[in-house]
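J.: Input model_32.cif, format and content: mmCIF, C-alpha atoms and all ligand atoms.
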data_structure
loop_
_atom_site.group_PDB
_atom_site.id
_atom_site.type_symbol
_atom_site.label_atom_id
_atom_site.label_comp_id
_atom_site.auth_asym_id
_atom_site.auth_seq_id
_atom_site.Cartn_x
_atom_site.Cartn_y
_atom_site.Cartn_z
ATOM 1 C CA MET A 263 33.432 47.426 8.560
ATOM 2 C CA SER A 264 33.347 44.020 10.204
ATOM 3 C CA LEU A 265 30.078 42.998 11.860
ATOM 4 C CA PRO A 266 28.289 39.633 11.926
ATOM 5 C CA ILE A 267 25.327 39.627 9.573
ATOM 6 C CA SER A 268 22.701 36.964 8.949
ATOM 7 C CA PHE A 269 19.867 36.487 6.505
ATOM 8 C CA GLU A 270 16.426 35.039 7.044
ATOM 9 C CA PHE A 271 14.425 33.178 4.389
ATOM 10 C CA PHE A 272 11.058 31.496 4.291
ATOM 11 C CA PRO A 273 10.626 28.071 2.659
ATOM 12 C CA PRO A 274 9.439 28.576 -0.917
ATOM 13 C CA LYS A 275 6.150 26.914 -1.827
ATOM 14 C CA THR A 276 6.833 26.311 -5.537
ATOM 15 C CA LEU A 277 9.698 24.979 -7.643
ATOM 16 C CA GLU A 278 9.987 28.397 -9.247
ATOM 17 C CA GLY A 279 10.212 30.034 -5.800
ATOM 18 C CA ALA A 280 12.903 27.533 -4.799
ATOM 19 C CA ALA A 281 14.925 28.301 -7.929
ATOM 20 C CA LYS A 282 14.641 32.062 -7.317
ATOM 21 C CA LEU A 283 15.696 31.616 -3.701
ATOM 22 C CA ARG A 284 18.809 29.694 -4.773
ATOM 23 C CA VAL A 285 19.820 32.630 -6.961
ATOM 24 C CA ALA A 286 19.099 35.110 -4.119
ATOM 25 C CA ARG A 287 21.098 33.032 -1.625
ATOM 26 C CA LYS A 288 24.072 32.816 -3.941
ATOM 27 C CA ALA A 289 24.121 36.600 -4.269
ATOM 28 C CA LEU A 290 23.789 37.071 -0.507
ATOM 29 C CA TYR A 291 26.591 34.601 0.280
ATOM 30 C CA SER A 292 29.030 37.116 -1.222
ATOM 31 C CA LEU A 293 28.422 39.129 1.986
ATOM 32 C CA LYS A 294 29.774 36.228 4.062
ATOM 33 C CA PRO A 295 26.848 35.823 6.479
ATOM 34 C CA GLU A 296 27.532 34.245 9.850
ATOM 35 C CA PHE A 297 24.461 32.088 9.200
ATOM 36 C CA CYS A 298 21.238 31.974 7.212
ATOM 37 C CA SER A 299 17.989 31.036 8.917
ATOM 38 C CA VAL A 300 14.765 29.538 7.609
ATOM 39 C CA THR A 301 11.361 30.239 9.136
ATOM 40 C CA TYR A 302 9.118 27.478 10.363
ATOM 41 C CA GLY A 303 5.349 27.251 10.216
ATOM 42 C CA ALA A 304 4.926 30.927 9.350
ATOM 43 C CA GLY A 305 2.395 31.465 6.561
ATOM 44 C CA GLY A 306 1.440 27.774 6.605
ATOM 45 C CA SER A 307 4.919 26.458 5.740
ATOM 46 C CA THR A 308 5.682 22.867 6.658
ATOM 47 C CA GLN A 309 8.481 21.114 8.489
ATOM 48 C CA GLU A 310 9.480 19.538 5.161
ATOM 49 C CA GLY A 311 9.827 22.965 3.525
ATOM 50 C CA THR A 312 11.906 24.370 6.379
ATOM 51 C CA PHE A 313 14.201 21.397 6.793
ATOM 52 C CA GLY A 314 14.559 21.070 2.988
ATOM 53 C CA THR A 315 15.746 24.675 2.658
ATOM 54 C CA VAL A 316 18.001 24.329 5.716
ATOM 55 C CA GLY A 317 19.538 21.229 4.092
ATOM 56 C CA GLU A 318 20.212 23.134 0.864
ATOM 57 C CA ILE A 319 21.965 25.942 2.738
ATOM 58 C CA LEU A 320 24.164 23.467 4.616
ATOM 59 C CA ALA A 321 24.993 21.704 1.340
ATOM 60 C CA GLU A 322 26.052 25.097 -0.044
ATOM 61 C CA GLY A 323 28.645 25.267 2.740
ATOM 62 C CA VAL A 324 26.927 27.962 4.818
ATOM 63 C CA ASN A 325 25.862 27.763 8.475
ATOM 64 C CA ALA A 326 22.113 27.292 8.668
ATOM 65 C CA ALA A 327 19.734 27.963 11.549
ATOM 66 C CA SER A 328 16.373 26.272 11.594
ATOM 67 C CA HIS A 329 13.522 28.206 13.162
ATOM 68 C CA PHE A 330 11.567 25.872 15.371
ATOM 69 C CA SER A 331 8.121 26.753 16.689
ATOM 70 C CA CYS A 332 6.384 24.723 19.377
ATOM 71 C CA ILE A 333 2.762 25.751 19.149
ATOM 72 C CA GLY A 334 0.652 22.616 18.884
ATOM 73 C CA ALA A 335 3.767 20.410 19.316
ATOM 74 C CA THR A 336 4.225 17.504 21.722
ATOM 75 C CA ARG A 337 7.413 16.480 23.508
ATOM 76 C CA ASP A 338 7.626 13.443 21.246
ATOM 77 C CA SER A 339 7.226 15.447 18.051
ATOM 78 C CA VAL A 340 9.875 17.954 19.167
ATOM 79 C CA ARG A 341 12.229 15.106 20.121
ATOM 80 C CA GLU A 342 11.796 13.549 16.666
ATOM 81 C CA GLN A 343 12.447 16.817 14.875
ATOM 82 C CA LEU A 344 15.519 17.570 16.977
ATOM 83 C CA ALA A 345 16.885 14.155 16.035
ATOM 84 C CA ILE A 346 16.377 14.928 12.344
ATOM 85 C CA LEU A 347 18.087 18.311 12.665
ATOM 86 C CA ARG A 348 20.999 16.819 14.566
ATOM 87 C CA LYS A 349 21.444 14.187 11.883
ATOM 88 C CA MET A 350 21.405 16.890 9.221
ATOM 89 C CA GLY A 351 24.265 18.655 11.010
ATOM 90 C CA VAL A 352 22.259 21.688 12.114
ATOM 91 C CA LYS A 353 23.970 23.480 14.991
ATOM 92 C CA ARG A 354 21.750 26.494 15.437
ATOM 93 C CA LEU A 355 18.052 26.953 16.211
ATOM 94 C CA VAL A 356 15.729 29.931 16.529
ATOM 95 C CA ALA A 357 13.306 28.644 19.178
ATOM 96 C CA LEU A 358 9.840 30.182 19.071
ATOM 97 C CA ARG A 359 6.347 29.719 20.316
ATOM 98 C CA GLY A 360 4.888 30.551 16.901
ATOM 99 C CA ASP A 361 1.360 31.593 16.075
ATOM 100 C CA LEU A 362 -1.777 29.684 15.200
ATOM 101 C CA PRO A 363 -4.577 31.156 13.113
ATOM 102 C CA SER A 364 -7.063 32.834 15.481
ATOM 103 C CA GLY A 365 -9.599 30.488 17.033
ATOM 104 C CA TYR A 366 -7.258 27.497 17.286
ATOM 105 C CA GLY A 367 -6.250 27.999 20.931
ATOM 106 C CA THR A 368 -2.714 27.041 21.872
ATOM 107 C CA GLY A 369 -2.900 23.241 22.004
ATOM 108 C CA GLY A 370 0.179 21.081 22.340
ATOM 109 C CA GLU A 371 2.427 20.517 25.304
ATOM 110 C CA PHE A 372 4.386 23.781 25.191
ATOM 111 C CA GLN A 373 2.838 27.051 26.223
ATOM 112 C CA TYR A 374 5.696 29.470 25.720
ATOM 113 C CA ALA A 375 8.990 29.589 23.843
ATOM 114 C CA SER A 376 10.763 29.401 27.232
ATOM 115 C CA ASP A 377 9.264 25.904 27.716
ATOM 116 C CA LEU A 378 10.701 24.879 24.345
ATOM 117 C CA VAL A 379 14.143 26.307 25.129
ATOM 118 C CA ALA A 380 14.245 24.457 28.468
ATOM 119 C CA PHE A 381 13.155 21.221 26.775
ATOM 120 C CA ILE A 382 15.760 21.494 23.997
ATOM 121 C CA ARG A 383 18.507 22.114 26.562
ATOM 122 C CA ALA A 384 17.351 19.195 28.720
ATOM 123 C CA GLU A 385 17.200 16.865 25.723
ATOM 124 C CA THR A 386 20.255 17.908 23.761
ATOM 125 C CA GLY A 387 22.582 19.723 26.159
ATOM 126 C CA ASP A 388 24.832 22.129 24.298
ATOM 127 C CA ASP A 389 24.420 20.548 20.875
ATOM 128 C CA PHE A 390 22.573 23.564 19.521
ATOM 129 C CA ARG A 391 23.172 27.255 19.792
ATOM 130 C CA ILE A 392 19.717 28.627 20.608
ATOM 131 C CA GLU A 393 18.419 32.023 19.550
ATOM 132 C CA VAL A 394 15.091 33.415 20.715
ATOM 133 C CA ALA A 395 12.851 36.243 19.537
ATOM 134 C CA CYS A 396 12.388 39.518 21.387
ATOM 135 C CA TYR A 397 10.307 42.621 20.870
ATOM 136 C CA PRO A 398 11.669 46.138 21.447
ATOM 137 C CA GLU A 399 8.181 47.495 20.682
ATOM 138 C CA VAL A 400 6.538 44.829 22.898
ATOM 139 C CA HIS A 401 4.925 41.595 21.690
ATOM 140 C CA PRO A 402 1.295 42.264 20.678
ATOM 141 C CA GLN A 403 -0.097 39.709 23.158
ATOM 142 C CA ALA A 404 2.021 40.764 26.133
ATOM 143 C CA ARG A 405 0.192 41.811 29.305
ATOM 144 C CA SER A 406 2.570 44.766 29.667
ATOM 145 C CA PRO A 407 6.041 45.865 28.525
ATOM 146 C CA GLU A 408 7.412 44.739 31.898
ATOM 147 C CA ALA A 409 5.791 41.282 31.573
ATOM 148 C CA ASP A 410 7.211 40.934 28.053
ATOM 149 C CA LEU A 411 10.698 41.854 29.247
ATOM 150 C CA GLN A 412 10.409 39.282 32.039
ATOM 151 C CA ALA A 413 9.214 36.693 29.481
ATOM 152 C CA PHE A 414 12.339 37.432 27.437
ATOM 153 C CA ALA A 415 14.526 37.036 30.524
ATOM 154 C CA THR A 416 12.831 33.689 31.234
ATOM 155 C CA LYS A 417 13.779 32.433 27.763
ATOM 156 C CA ILE A 418 17.398 33.406 28.303
ATOM 157 C CA ARG A 419 17.491 31.824 31.770
ATOM 158 C CA ALA A 420 15.983 28.667 30.263
ATOM 159 C CA GLY A 421 19.175 28.374 28.204
ATOM 160 C CA ALA A 422 19.015 30.601 25.105
ATOM 161 C CA ASP A 423 22.350 32.018 23.952
ATOM 162 C CA SER A 424 21.246 35.143 22.124
ATOM 163 C CA ALA A 425 18.259 36.928 20.632
ATOM 164 C CA ILE A 426 16.998 38.408 17.394
ATOM 165 C CA THR A 427 14.484 41.232 17.556
ATOM 166 C CA GLN A 428 11.271 41.772 15.713
ATOM 167 C CA TYR A 429 11.874 44.507 13.177
ATOM 168 C CA PHE A 430 11.330 48.128 14.102
ATOM 169 C CA PHE A 431 12.050 51.520 12.564
ATOM 170 C CA ASN A 432 12.777 53.411 15.762
ATOM 171 C CA ALA A 433 16.316 52.800 17.016
ATOM 172 C CA ASP A 434 15.484 54.193 20.471
ATOM 173 C CA SER A 435 13.087 51.323 21.145
ATOM 174 C CA TYR A 436 15.964 48.895 20.554
ATOM 175 C CA PHE A 437 18.498 50.737 22.732
ATOM 176 C CA ARG A 438 15.998 51.103 25.558
ATOM 177 C CA PHE A 439 15.088 47.418 25.363
ATOM 178 C CA VAL A 440 18.734 46.315 25.503
ATOM 179 C CA GLU A 441 19.360 48.643 28.435
ATOM 180 C CA GLU A 442 16.326 47.393 30.346
ATOM 181 C CA ALA A 443 17.298 43.777 29.687
ATOM 182 C CA ASP A 444 20.783 44.553 30.975
ATOM 183 C CA CYS A 445 19.278 46.087 34.133
ATOM 184 C CA ILE A 446 17.497 42.826 34.957
ATOM 185 C CA GLY A 447 20.619 40.754 34.397
ATOM 186 C CA VAL A 448 20.155 39.727 30.745
ATOM 187 C CA HIS A 449 23.470 40.317 29.000
ATOM 188 C CA VAL A 450 23.251 38.118 25.885
ATOM 189 C CA PRO A 451 23.741 39.592 22.396
ATOM 190 C CA VAL A 452 20.475 41.085 21.112
ATOM 191 C CA VAL A 453 20.754 41.338 17.334
ATOM 192 C CA PRO A 454 18.373 43.784 15.641
ATOM 193 C CA GLY A 455 16.099 42.263 13.001
ATOM 194 C CA VAL A 456 16.147 44.539 9.967
ATOM 195 C CA MET A 457 13.301 44.677 7.459
ATOM 196 C CA PRO A 458 14.329 46.255 4.147
ATOM 197 C CA ILE A 459 11.462 48.311 2.719
ATOM 198 C CA THR A 460 10.728 47.236 -0.837
ATOM 199 C CA SER A 461 6.942 47.283 -1.033
ATOM 200 C CA SER A 462 4.493 49.509 0.749
ATOM 201 C CA THR A 463 1.497 47.145 0.890
ATOM 202 C CA GLN A 464 3.577 44.158 1.995
ATOM 203 C CA LEU A 465 5.192 46.177 4.775
ATOM 204 C CA MET A 466 1.834 47.484 6.046
ATOM 205 C CA ARG A 467 0.360 43.971 6.025
ATOM 206 C CA PHE A 468 3.258 42.411 7.934
ATOM 207 C CA SER A 469 3.540 45.235 10.411
ATOM 208 C CA ASP A 470 -0.158 45.106 11.268
ATOM 209 C CA ALA A 471 0.126 41.353 11.846
ATOM 210 C CA CYS A 472 3.254 41.386 14.032
ATOM 211 C CA GLY A 473 2.720 44.649 15.910
ATOM 212 C CA ALA A 474 5.747 46.451 14.451
ATOM 213 C CA GLU A 475 5.133 50.182 14.323
ATOM 214 C CA ILE A 476 5.670 52.095 11.117
ATOM 215 C CA PRO A 477 6.279 55.686 12.180
ATOM 216 C CA ARG A 478 3.699 58.100 10.798
ATOM 217 C CA TRP A 479 6.237 59.955 8.651
ATOM 218 C CA ILE A 480 7.365 56.724 6.977
ATOM 219 C CA ARG A 481 3.785 55.528 6.449
ATOM 220 C CA LEU A 482 2.713 58.850 4.906
ATOM 221 C CA ARG A 483 5.755 59.059 2.644
ATOM 222 C CA LEU A 484 5.180 55.493 1.440
ATOM 223 C CA GLN A 485 1.510 56.198 0.795
ATOM 224 C CA SER A 486 2.414 59.332 -1.152
ATOM 225 C CA PHE A 487 4.477 57.239 -3.602
ATOM 226 C CA GLY A 488 1.391 55.236 -4.656
ATOM 227 C CA ASP A 489 2.471 52.570 -7.197
ATOM 228 C CA ASP A 490 5.822 54.207 -7.874
ATOM 229 C CA SER A 491 7.922 51.266 -6.775
ATOM 230 C CA ALA A 492 11.242 52.892 -7.729
ATOM 231 C CA SER A 493 10.576 55.760 -5.297
ATOM 232 C CA ILE A 494 9.420 53.333 -2.573
ATOM 233 C CA LYS A 495 12.632 51.309 -2.946
ATOM 234 C CA SER A 496 14.875 54.357 -3.029
ATOM 235 C CA PHE A 497 13.214 55.889 0.054
ATOM 236 C CA GLY A 498 13.243 52.482 1.797
ATOM 237 C CA LEU A 499 16.982 52.058 1.221
ATOM 238 C CA ASP A 500 17.704 55.510 2.662
ATOM 239 C CA VAL A 501 15.523 54.958 5.742
ATOM 240 C CA VAL A 502 16.733 51.457 6.543
ATOM 241 C CA THR A 503 20.404 52.224 5.900
ATOM 242 C CA GLN A 504 20.174 55.181 8.268
ATOM 243 C CA LEU A 505 18.494 52.999 10.878
ATOM 244 C CA CYS A 506 21.289 50.414 10.549
ATOM 245 C CA GLU A 507 23.913 53.131 10.867
ATOM 246 C CA GLN A 508 22.343 54.275 14.125
ATOM 247 C CA LEU A 509 22.157 50.692 15.401
ATOM 248 C CA VAL A 510 25.744 49.881 14.541
ATOM 249 C CA ALA A 511 27.022 53.199 15.942
ATOM 250 C CA GLY A 512 25.120 52.458 19.164
ATOM 251 C CA GLY A 513 26.770 49.060 19.580
ATOM 252 C CA ALA A 514 24.398 46.514 17.984
ATOM 253 C CA PRO A 515 26.284 43.187 17.981
ATOM 254 C CA GLY A 516 25.174 42.279 14.438
ATOM 255 C CA LEU A 517 22.355 42.712 11.910
ATOM 256 C CA HIS A 518 19.798 40.065 10.939
ATOM 257 C CA PHE A 519 18.039 40.804 7.656
ATOM 258 C CA TYR A 520 14.477 39.687 6.957
ATOM 259 C CA THR A 521 15.176 39.218 3.268
ATOM 260 C CA MET A 522 11.698 38.059 2.198
ATOM 261 C CA ASN A 523 13.717 35.780 -0.129
ATOM 262 C CA GLN A 524 14.976 38.805 -2.103
ATOM 263 C CA ALA A 525 18.650 39.765 -2.307
ATOM 264 C CA PRO A 526 18.958 43.264 -3.841
ATOM 265 C CA ALA A 527 17.788 45.464 -0.930
ATOM 266 C CA SER A 528 19.877 43.658 1.721
ATOM 267 C CA ILE A 529 22.914 43.739 -0.572
ATOM 268 C CA GLU A 530 22.520 47.449 -1.261
ATOM 269 C CA ILE A 531 22.083 48.280 2.440
ATOM 270 C CA CYS A 532 25.227 46.299 3.292
ATOM 271 C CA ARG A 533 27.107 48.004 0.451
ATOM 272 C CA ARG A 534 26.154 51.421 1.825
ATOM 273 C CA LEU A 535 27.207 50.306 5.312
ATOM 274 C CA GLU A 536 30.482 49.008 3.860
ATOM 275 C CA LEU A 537 29.766 45.524 5.176
ATOM 276 C CA PRO A 538 31.365 43.052 5.500
HETATM 277 P P1 LIG B 1 6.968 33.685 23.631
HETATM 278 O O1 LIG B 1 8.320 34.114 24.046
HETATM 279 O O2 LIG B 1 6.420 32.426 24.182
HETATM 280 O O3 LIG B 1 5.979 34.898 23.957
HETATM 281 C C1 LIG B 1 4.645 34.880 23.462
HETATM 282 C C2 LIG B 1 3.784 35.794 24.313
HETATM 283 O O4 LIG B 1 3.605 35.210 25.614
HETATM 284 C C3 LIG B 1 4.396 37.190 24.582
HETATM 285 O O5 LIG B 1 3.353 38.110 24.610
HETATM 286 C C4 LIG B 1 5.044 37.055 25.953
HETATM 287 O O6 LIG B 1 5.102 38.288 26.640
HETATM 288 C C5 LIG B 1 4.066 36.085 26.632
HETATM 289 N N1 LIG B 1 4.721 35.234 27.624
HETATM 290 C C6 LIG B 1 5.845 34.505 27.475
HETATM 291 N N2 LIG B 1 6.108 33.803 28.590
HETATM 292 C C7 LIG B 1 5.114 34.098 29.474
HETATM 293 C C8 LIG B 1 4.808 33.687 30.803
HETATM 294 N N3 LIG B 1 5.591 32.824 31.450
HETATM 295 N N4 LIG B 1 3.698 34.195 31.387
HETATM 296 C C9 LIG B 1 2.893 35.074 30.729
HETATM 297 N N5 LIG B 1 3.140 35.489 29.464
HETATM 298 C C10 LIG B 1 4.229 35.013 28.856
HETATM 299 N N6 LIG B 1 6.760 32.706 13.799
HETATM 300 C C11 LIG B 1 6.631 31.532 13.157
HETATM 301 O O7 LIG B 1 5.537 30.972 13.130
HETATM 302 N N7 LIG B 1 7.697 30.958 12.515
HETATM 303 C C12 LIG B 1 8.913 31.510 12.493
HETATM 304 O O8 LIG B 1 9.850 30.963 11.912
HETATM 305 C C13 LIG B 1 9.101 32.758 13.184
HETATM 306 N N8 LIG B 1 10.309 33.338 13.245
HETATM 307 C C14 LIG B 1 10.465 34.489 13.984
HETATM 308 C C15 LIG B 1 11.750 35.029 14.110
HETATM 309 C C16 LIG B 1 11.954 36.184 14.850
HETATM 310 C C17 LIG B 1 13.354 36.744 14.978
HETATM 311 C C18 LIG B 1 10.843 36.837 15.462
HETATM 312 C C19 LIG B 1 11.047 38.117 16.235
HETATM 313 C C20 LIG B 1 9.569 36.291 15.360
HETATM 314 C C21 LIG B 1 9.367 35.102 14.637
HETATM 315 N N9 LIG B 1 8.112 34.505 14.536
HETATM 316 C C22 LIG B 1 7.974 33.327 13.837
HETATM 317 C C23 LIG B 1 6.932 35.107 15.173
HETATM 318 C C24 LIG B 1 6.680 34.521 16.579
HETATM 319 O O9 LIG B 1 6.403 33.147 16.496
HETATM 320 C C25 LIG B 1 5.480 35.259 17.165
HETATM 321 O O10 LIG B 1 5.831 36.591 17.451
HETATM 322 C C26 LIG B 1 4.825 34.600 18.367
HETATM 323 O O11 LIG B 1 3.578 35.260 18.605
HETATM 324 C C27 LIG B 1 5.628 34.681 19.654
HETATM 325 O O12 LIG B 1 6.681 33.839 19.634
HETATM 326 P P2 LIG B 1 7.788 33.897 20.798
HETATM 327 O O13 LIG B 1 8.718 32.808 20.546
HETATM 328 O O14 LIG B 1 8.308 35.265 20.943
HETATM 329 O O15 LIG B 1 6.822 33.549 22.045
#
Could I get this file's structure written as structure tokens?
Ligand code: FAD
T.:
Amino acid sequence: MSLPISFEFFPPKTLEGAAKLRVARKALYSLKPEFCSVTYGAGGSTQEGTFGTVGEILAEGVNAASHFSCIGATRDSVREQLAILRKMGVKRLVALRGDLPSGYGTGGEFQYASDLVAFIRAETGDDFRIEVACYPEVHPQARSPEADLQAFATKIRAGADSAITQYFFNADSYFRFVEEADCIGVHVPVVPGVMPITSSTQLMRFSDACGAEIPRWIRLRLQSFGDDSASIKSFGLDVVTQLCEQLVAGGAPGLHFYTMNQAPASIEICRRLELP
């Protein structure tokens, strides 16, 4: 099957983590990703870590997208960072608001990701392809599903080319979101973000933080496996492969894997899907 796939990494914090990520990337490149992206600011990562990993991916001959969050940023700081990315040869950005630890307020000169998208377009024209985030199960801070959908539309109208979703385990939420976006005139590709399930505690922690729902039956099955990581992985592969099959059958324009810097689960899911 031919379908664009992409992989997301976070910048490793240690030399050992960086070495492991290089090995994981090499394995994942065999799947011929359209691009690999690197998160920014999440979990306390720095600009240096993100740009460093992006630079490595480019040097390995693969298209790299830099995530770029604007919370706490100023126009000058964004301008400087865009200049660095341009010089590095980066052609693709994932433009985000980002999150600050609670109690910090928003700060900075950008309130929403749509402000960042508009600024990048005004400053750099069409130099970058811009992706934005979207939330089939609704962003946790949104006033309402309708307001969140409108916020997504605003980001696209500000100049974003396409979107990557937060992960979810309920395909219907994705199809409904795409349909509703279409109804309000948003026709860009919306690529599902796919989270392979490899660890129960990690998945629960992330999902609580980002508002992704783990259906009760998945949560209970995972809990029932306790520390039996082989059963968790085997169940996770079945569930996520089936989800991907539904997404692809329903017309998803690609799959974006949240790899958590690990290759095996994404590779196995793609193998079962007969990708690429
Ligand atoms: P926005 O689109 O600005 O939306 C934030 C909130 O404001 C939403 O509730 C929205 O409904 C609301 N809103 C937007 N515009 C308006 C408006 N005009 N009026 C009223 N309300 C409005 N985080 C990181 O720190 N680093 C990363 O690298 C990173 N990568 C990510 C990649 C993907 C694919 C996804 C899905 C998320 C990623 N995140 C990352 C998490 C993201 O930063 C958080 O979810 C953040 O809380 C929202 O970012 P956003 O860009 O979606 O914000």
J.: Which residues fall under the PyMOL selection byres (((not hetatm)) within 8 of (chain B and resi 1)) in this file, as a ChimeraX atom specification?
T.: /A:272,300-305,329-331,356-362,373-377,394-397,400-407,409-414,416-417,425-429,455,472
J.: On this file, the PyMOL selection byres (((chain A and resi 474-478) around 10) and not hetatm) gives some set of residues; write that set as a PyMOL selection string.
T.: chain A and resi 397-402+428-432+465-466+468-473+479-484
J.: Identify, on the basis of all atoms listed in the file, every residue whose closest approach to stretch 334-346 of chain A does not exceed 12 Å; exclude the query and any residue fewer than 2 positions from it along the same chain; express the result as a PyMOL selection string.
T.: chain A and resi 303+309-310+312-314+316-317+328-332+348-355+357-363+366-375+377-387+389-390
J.: Exactly which residues make up the result of the PyMOL selection byres (((chain A and resi 264) around 9) and not hetatm) on this file, given as a PDB file with C-alpha atoms, in the coordinates of the input?
T.:
ATOM      1  CA  MET A 263      33.432  47.426   8.560  1.00  0.00           C
ATOM      2  CA  LEU A 265      30.078  42.998  11.860  1.00  0.00           C
ATOM      3  CA  PRO A 266      28.289  39.633  11.926  1.00  0.00           C
ATOM      4  CA  GLU A 536      30.482  49.008   3.860  1.00  0.00           C
ATOM      5  CA  LEU A 537      29.766  45.524   5.176  1.00  0.00           C
ATOM      6  CA  PRO A 538      31.365  43.052   5.500  1.00  0.00           C
TER       7      PRO A 538
END
J.: Using all atoms of stretch 418-423 of chain A listed in the file and a margin of 8 Å per side, can you give the axis-aligned box centre and edge lengths in Å to one decimal, as JSON?
T.:
{"center_x": 19.2, "center_y": 30.9, "center_z": 27.9, "size_x": 22.4, "size_y": 21.0, "size_z": 23.8}
J.: In Å to one decimal, how far is atom CA of A:Ser491 from atom CA of A:Lys275?
T.: 24.9 Å
J.: If we count only C-alpha atoms, what is near A:Lys495 at a cut-off of 12 Å, once residues fewer than 2 positions away on the same chain are taken out, given as a list in words?
T.: Pro458, Ile459, Thr460, Ser461, Ser462, Leu465, Arg483, Leu484, Phe487, Asp489, Asp490, Ser491, Ala492, Ser493, Phe497, Gly498, Leu499, Asp500, Val501, Val502, Thr503, Pro526, Ala527, Ser528, Glu530 and Ile531 of chain A
J.: Could those selected residues go to a file with C-alpha atoms, as a tab-separated table (two decimals), in the coordinates of the input?
T.:
chain	number	residue	atom	x	y	z
A	458	PRO	CA	14.33	46.26	4.15
A	459	ILE	CA	11.46	48.31	2.72
A	460	THR	CA	10.73	47.24	-0.84
A	461	SER	CA	6.94	47.28	-1.03
A	462	SER	CA	4.49	49.51	0.75
A	465	LEU	CA	5.19	46.18	4.78
A	483	ARG	CA	5.76	59.06	2.64
A	484	LEU	CA	5.18	55.49	1.44
A	487	PHE	CA	4.48	57.24	-3.60
A	489	ASP	CA	2.47	52.57	-7.20
A	490	ASP	CA	5.82	54.21	-7.87
A	491	SER	CA	7.92	51.27	-6.78
A	492	ALA	CA	11.24	52.89	-7.73
A	493	SER	CA	10.58	55.76	-5.30
A	497	PHE	CA	13.21	55.89	0.05
A	498	GLY	CA	13.24	52.48	1.80
A	499	LEU	CA	16.98	52.06	1.22
A	500	ASP	CA	17.70	55.51	2.66
A	501	VAL	CA	15.52	54.96	5.74
A	502	VAL	CA	16.73	51.46	6.54
A	503	THR	CA	20.40	52.22	5.90
A	526	PRO	CA	18.96	43.26	-3.84
A	527	ALA	CA	17.79	45.46	-0.93
A	528	SER	CA	19.88	43.66	1.72
A	530	GLU	CA	22.52	47.45	-1.26
A	531	ILE	CA	22.08	48.28	2.44
J.: Skipping near chain neighbours, those fewer than 4 positions away, what residues fall within 12 Å of A:Asp444 using all atoms listed in the file, listed as a PyMOL selection string?
T.: chain A and resi 411-412+414-415+418+437-440+448-452
J.: Identify which of the residues A:Leu277, A:Thr315, A:Ile267, A:Arg419 lies closest to A:Val510, counting all atoms listed in the file when measuring atom-to-atom distances.
T.: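 Distance minimum relative to A:Val510 lands on A:Ile267.
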J.: Find the distance between atom CA of A:Met522 and atom CA of A:Met457 and write it in Å to one decimal.
T.: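 Spanning atom CA of A:Met522 to atom CA of A:Met457 is a straight-line distance of 8.6 Å.
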J.: A:Val456, A:Ala280, A:Ile494, A:Ala422: which is nearest A:Glu393, counting all atoms listed in the file?
T.: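 Answer, going by the shortest atom-to-atom distance: A:Ala422.
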